[in-house]
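Student: Below: one structure in structure tokens.
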Amino acid sequence: MSAAYVKARFVLLALLLSTLSCKKERVNNLNLDQLHPEKLAVPGNFPAATDDPDNPLTKEGIELGRLLFYDTRLSGNNQLSCASCHHQNIAFSDATVLSNIGVSGKILPRHTPALINLAWATSGLFWDGGSTNLESQAFGPLTSADEMGQNLSELEFELKQVPDYQKRFKLVFGSEINSASVVKALAQFQRTLISGDSKYDQYIRKEAGANLTDQEKEGLSLVDSKCRNCHAGELFTDDRFHNNGIDADFSNDSFEGLYQGRYRISYNLEDLGKFKTPTLRNVLLTAPYMHDGRFSKLEDVLEHYNSGVKVSGTTDPTLLPTVGKRGILLTAKDKNAILAFLASLTDNTFIQNKKLSNPYHD
Amino acid sequence: MVAIAAILFTSCKKDDDTINSAEAAGKATISMDAVVGTNDFALNTNFTANGKTWNFTQLRYWVSNVILVNAAGVEYMVPNSFYLMEENTAVVTNSNFTYPAGKRENIQLTDIPAGDYTAIKFSVGVSEKYNNNLSLQAGELSQLNGMTNVSWMWATSYIFSSLKGTVNDGTTTKTIAVETGLNTNLKSVTLSLPQALHISSAKESTISLSADVAKITDGVDIMATPTIGASQAAEMTAVAGNYSSKVFTVKSVR
């Protein structure tokens with residue numbers, strides 16, 4: 001490729017960038033000389049969150065991460081941001097079985113999870129936990145041709161054209177813009193995606209006026225006894241990997257073992273078909289369900305646990321035969337109570353939180 | 001074009017004392033000369049080895065945790081030692097930003113405590129802490145050089161080594177892509193030097209190693225498994241083992 005051609009491309013790119021950078025930004029005017037260490041706003045009923053010593057949170061780092069999360073410059077075609085697949089109004093999920101909006105237009109083999117309480121997701125990200133931390137994880141969507149298809153050198157080049165970014169990176173990381181700092185800032189922002197202010201939370205924290213209906217309480221006690229061994233604790237996930245019986249045949253090893261669940265990471269046969277327990281928080285907003293988005297309604301999920309559990313060598317023992325029937329037996333009344341309770345886990349504060357919203361929108 | 005990150009060394013004065021306080025620290029070059037059996041390695045060239053004809057387009061591997069061991073068994077660990085060794089044509093990307101063609105066989109070490117060294121150790125790959133977190137920077141580690149290939153992104157970690165090209169067994173030609181990665185495959189290499197090497201400020205020393213590319217796939221049925229990656233766990237472990245015990249030998253020290 002001739003140097004002149006490359007140069008011409010760069011001029012075009014620079015022009016394009018200068019128009020892109022005219023977008024309105026609705027971020028608080030930060031004092032860009034000083035860094036302010038930040039602590040996560042941990043809800044009272046939550047376990048403590050551990051800080052990452054290699055990427056300490058600052059107010060300015062989080063804000064930078066937010067700008068990046070919503071910035072389409074992060075993709076190869078400058079049309080997709082992280083938020084294109086992770087929408088705040090549905091708890092940072094995408095309401096799509098399998099997305100095909102990536103740069104290549106190919107269908108992604110897995111369903112987009114909601115991004116909720118990631119600061120506590122310490123046993124690995126992705127449905128199989130293959131990525132060890134939010135910092136490394138971001139390189140996945142950034143570089144994958146089927147997602148944002150970005151070349152990292154180009155990413156650095158493009159971001160360096162934006163004076164505001166230059167200032168912010170300098171302040172937050174004390175260095176030039178580089179891809180390591182991009183993912184660190186994204187991780188800081190994502191650690192603030194905390195959802196802990198649902199009706200259930202207010203009830204459990206005994207806040208004034210907060211209560212659950214009798215049916216919701218009945219649902220809570222059903223979930224406590226039948227589901228919370230996996231959808232555990234206040235996070236409603238044990239952050240572990242289980243085979244919840246949606247499949248029993250894991251012989252398909254295509255896409256480097258994509259359908260084999262945790263096994264592709266651990267190579268332990270006991271992990272065949274195990275996927276990370278998703279949280280039940282905001283679950284009414286995050287349909288469709290499971291790692292491949294196979295269930296469109298919560299009713300289908302409950303019916304799966306009631307009558308659809310398939311048995312294989314790795315099916316979780318708690319789902320195995322109960323009184324001559326496999327699965328978690330649920331009556332129609334149980335199901336309604338569980339659905340009512342799950343609705344109480346919807347956190348409107350979270351999905352409306354301005355600090356988490358698109359900074360480029362008016 | 002993106003220049004390879006400058007190699008940064010921090011000297012470790014404390015270690016100087018424990019090894020030899022009288023002389024000043026010295027420099028050394030570790031040269032890793034790629035060969036195929038008795039021939040010098042080159043890209044796009046036919047080689048005969050193990051009864052097959054090989055033609056390579058890429059050889060890359062990370063060398064890390066370089067340690068020099070002195071006659072008393074005291075180890076000097078080179079700080080921030082992550083080096084990308086390679087012989088490579090330009091890596092084509094989806095953008096104007098390509099990774100340039102390059103050949104890199106030498107590692108320059110500075111500030112090595114003066115002393116008589118009898119062995120060298122290093123790992124092929126990237127140690128767990130850095131492999132688990134691509135945002136941590138040290139030595140030459142970078143996300144920009146194609147060694148964090150997309151097909152590995154589900155485990156978001158480094159490719160430890162990569163050998164690409166073709167192989168022909170007389171009847172069929174297969175395209176090969178032999179990669180190692182994953183923490184369990186971080187293997188170390190220990191080589192005794194043929195004679196003690198005195199390193200000090202008085203002269204620049206050289207440790208010359210050969211890296212025999214023909215040994216990388218030793219014991220692996222390459223015609224049956226021409227692509228080796230995370231899905232070929234057993235073959236990948238075999239290749240990592242070869243890097244550890246068969247690929248590298250010492251040619252000379254001076």
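Just so we're on the same page: first chain in the structure tokens is A, next is B, and so on; residues restart at 1 for each chain, and ligands are numbered from 1 in the order they show up.
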Write out as number ranges by chain all residues of stretch 25-213 of chain B that DSSP puts in helix (DSSP H, G or I) for this structure's backbone.

Tutor: B: 128-132, 150-155, 183-185, 213

Student: Kindly determine which residues of chain A lie within 7 Å of chain B, considering only C-alpha atoms, and give the answer as a list of chain:residue names.

Tutor: A:Gly130, A:Ser131, A:Thr132, A:Asn133, A:Glu135, A:Ser136, A:Gln137, A:Gly140, A:Thr143, A:Ser144, A:Asn151, A:Leu152, A:Ser153, A:Glu154, A:Ala180, A:Val183, A:Lys184, A:Glu256, A:Gly257

Student: Please extract the residues of stretch 125-250 of chain B with a backbone DSSP assignment of strand (DSSP E or B) and present them as an MDAnalysis selection string.

Tutor: chainID B and resid 159:168 173:181 187:200 203 205:212 227:228 248:250

Student: Please provide the set of residues having any atom within 9 Å of stretch 39-43 of chain B, restricted to only C-alpha atoms, with same-chain residues fewer than 6 positions apart removed, written as a ChimeraX atom specification.

Tutor: /B:33,55-59,87-89,165,212-213

Student: Selection from above, N, CA, C and O atoms, as an mmCIF file, in the first residue's frame, can you write it?

Tutor:
```cif
data_model
loop_
_atom_site.group_PDB
_atom_site.id
_atom_site.type_symbol
_atom_site.label_atom_id
_atom_site.label_comp_id
_atom_site.auth_asym_id
_atom_site.auth_seq_id
_atom_site.Cartn_x
_atom_site.Cartn_y
_atom_site.Cartn_z
ATOM 1 N N ASP B 33 19.347 -18.039 18.232
ATOM 2 C CA ASP B 33 19.435 -18.213 16.794
ATOM 3 C C ASP B 33 18.480 -19.323 16.362
ATOM 4 O O ASP B 33 18.650 -20.471 16.747
ATOM 5 N N ASN B 55 7.799 -25.286 5.359
ATOM 6 C CA ASN B 55 7.999 -23.933 4.864
ATOM 7 C C ASN B 55 7.273 -23.003 5.845
ATOM 8 O O ASN B 55 6.071 -23.123 6.043
ATOM 9 N N PHE B 56 8.040 -22.107 6.463
ATOM 10 C CA PHE B 56 7.465 -21.322 7.562
ATOM 11 C C PHE B 56 7.166 -19.877 7.158
ATOM 12 O O PHE B 56 7.885 -19.300 6.338
ATOM 13 N N THR B 57 6.112 -19.335 7.728
ATOM 14 C CA THR B 57 5.798 -17.922 7.510
ATOM 15 C C THR B 57 5.873 -17.114 8.802
ATOM 16 O O THR B 57 5.852 -15.886 8.775
ATOM 17 N N GLN B 58 5.947 -17.814 9.918
ATOM 18 C CA GLN B 58 5.986 -17.077 11.187
ATOM 19 C C GLN B 58 6.558 -17.930 12.313
ATOM 20 O O GLN B 58 6.209 -19.101 12.446
ATOM 21 N N LEU B 59 7.435 -17.322 13.076
ATOM 22 C CA LEU B 59 7.914 -17.928 14.325
ATOM 23 C C LEU B 59 7.921 -16.830 15.370
ATOM 24 O O LEU B 59 8.600 -15.812 15.193
ATOM 25 N N GLU B 87 10.448 -14.079 14.013
ATOM 26 C CA GLU B 87 10.821 -13.952 12.612
ATOM 27 C C GLU B 87 9.480 -13.993 11.915
ATOM 28 O O GLU B 87 8.744 -14.969 12.005
ATOM 29 N N ASN B 88 9.146 -12.913 11.255
ATOM 30 C CA ASN B 88 7.740 -12.717 10.959
ATOM 31 C C ASN B 88 7.556 -11.841 9.744
ATOM 32 O O ASN B 88 8.250 -10.847 9.589
ATOM 33 N N THR B 89 6.603 -12.215 8.891
ATOM 34 C CA THR B 89 6.198 -11.277 7.853
ATOM 35 C C THR B 89 5.155 -10.354 8.490
ATOM 36 O O THR B 89 4.644 -10.656 9.561
ATOM 37 N N GLY B 165 3.013 -21.892 8.900
ATOM 38 C CA GLY B 165 3.596 -22.227 7.613
ATOM 39 C C GLY B 165 2.880 -23.407 7.005
ATOM 40 O O GLY B 165 1.677 -23.586 7.214
ATOM 41 N N ASP B 212 15.852 -24.721 17.896
ATOM 42 C CA ASP B 212 15.622 -25.621 16.761
ATOM 43 C C ASP B 212 14.124 -25.782 16.498
ATOM 44 O O ASP B 212 13.404 -26.462 17.226
ATOM 45 N N VAL B 213 13.691 -25.135 15.439
ATOM 46 C CA VAL B 213 12.271 -25.101 15.089
ATOM 47 C C VAL B 213 11.747 -26.510 14.766
ATOM 48 O O VAL B 213 10.578 -26.819 14.992
#
```

Student: Between A:Ser123, A:Thr112, A:Ser175, A:Gln202, which residue has the minimum interatomic distance to A:His291, considering only C-alpha atoms?

Tutor: A:Thr112

Student: With a distance cut-off of 8 Å and only C-alpha atoms, select the neighbouring residues of A:Ala343, excluding the residue or stretch itself and same-chain residues fewer than 3 positions from it, and output the selection as an MDAnalysis selection string.

Tutor: chainID A and resid 282:284 339:340 346

Student: So, with only C-alpha atoms as the atoms that count, which of A:Pro141, A:Gly76, A:Gly273, A:Gly129 lies closest to A:Ser251?

Tutor: A:Gly273

Student: Tell me which of B:Lys103, B:Ser201, B:Asp169, B:Met236 sits closest to B:Ala49, counting only C-alpha atoms.

Tutor: B:Asp169

Student: Go through A:Arg73, A:Arg326, A:Lys333, A:Lys206 and flag the residue nearest A:Phe157, using only C-alpha atoms for the distances.

Tutor: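 Counting only C-alpha atoms, the residue closest to A:Phe157 is A:Arg73.
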
Student: Using only C-alpha atoms, find the one residue out of B:Ser81, B:Ser192, B:Gln108, B:Asn183 that sits nearest to B:Ser127.

Tutor: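 Of B:Ser81, B:Ser192, B:Gln108, B:Asn183, the one nearest B:Ser127, counting only C-alpha atoms, is B:Asn183.
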
Student: Using only C-alpha atoms, pick whichever of B:Pro100, B:Pro113, B:Gly139, B:Gly241 has the shortest atom-to-atom distance to B:Glu23.

Tutor: B:Pro113
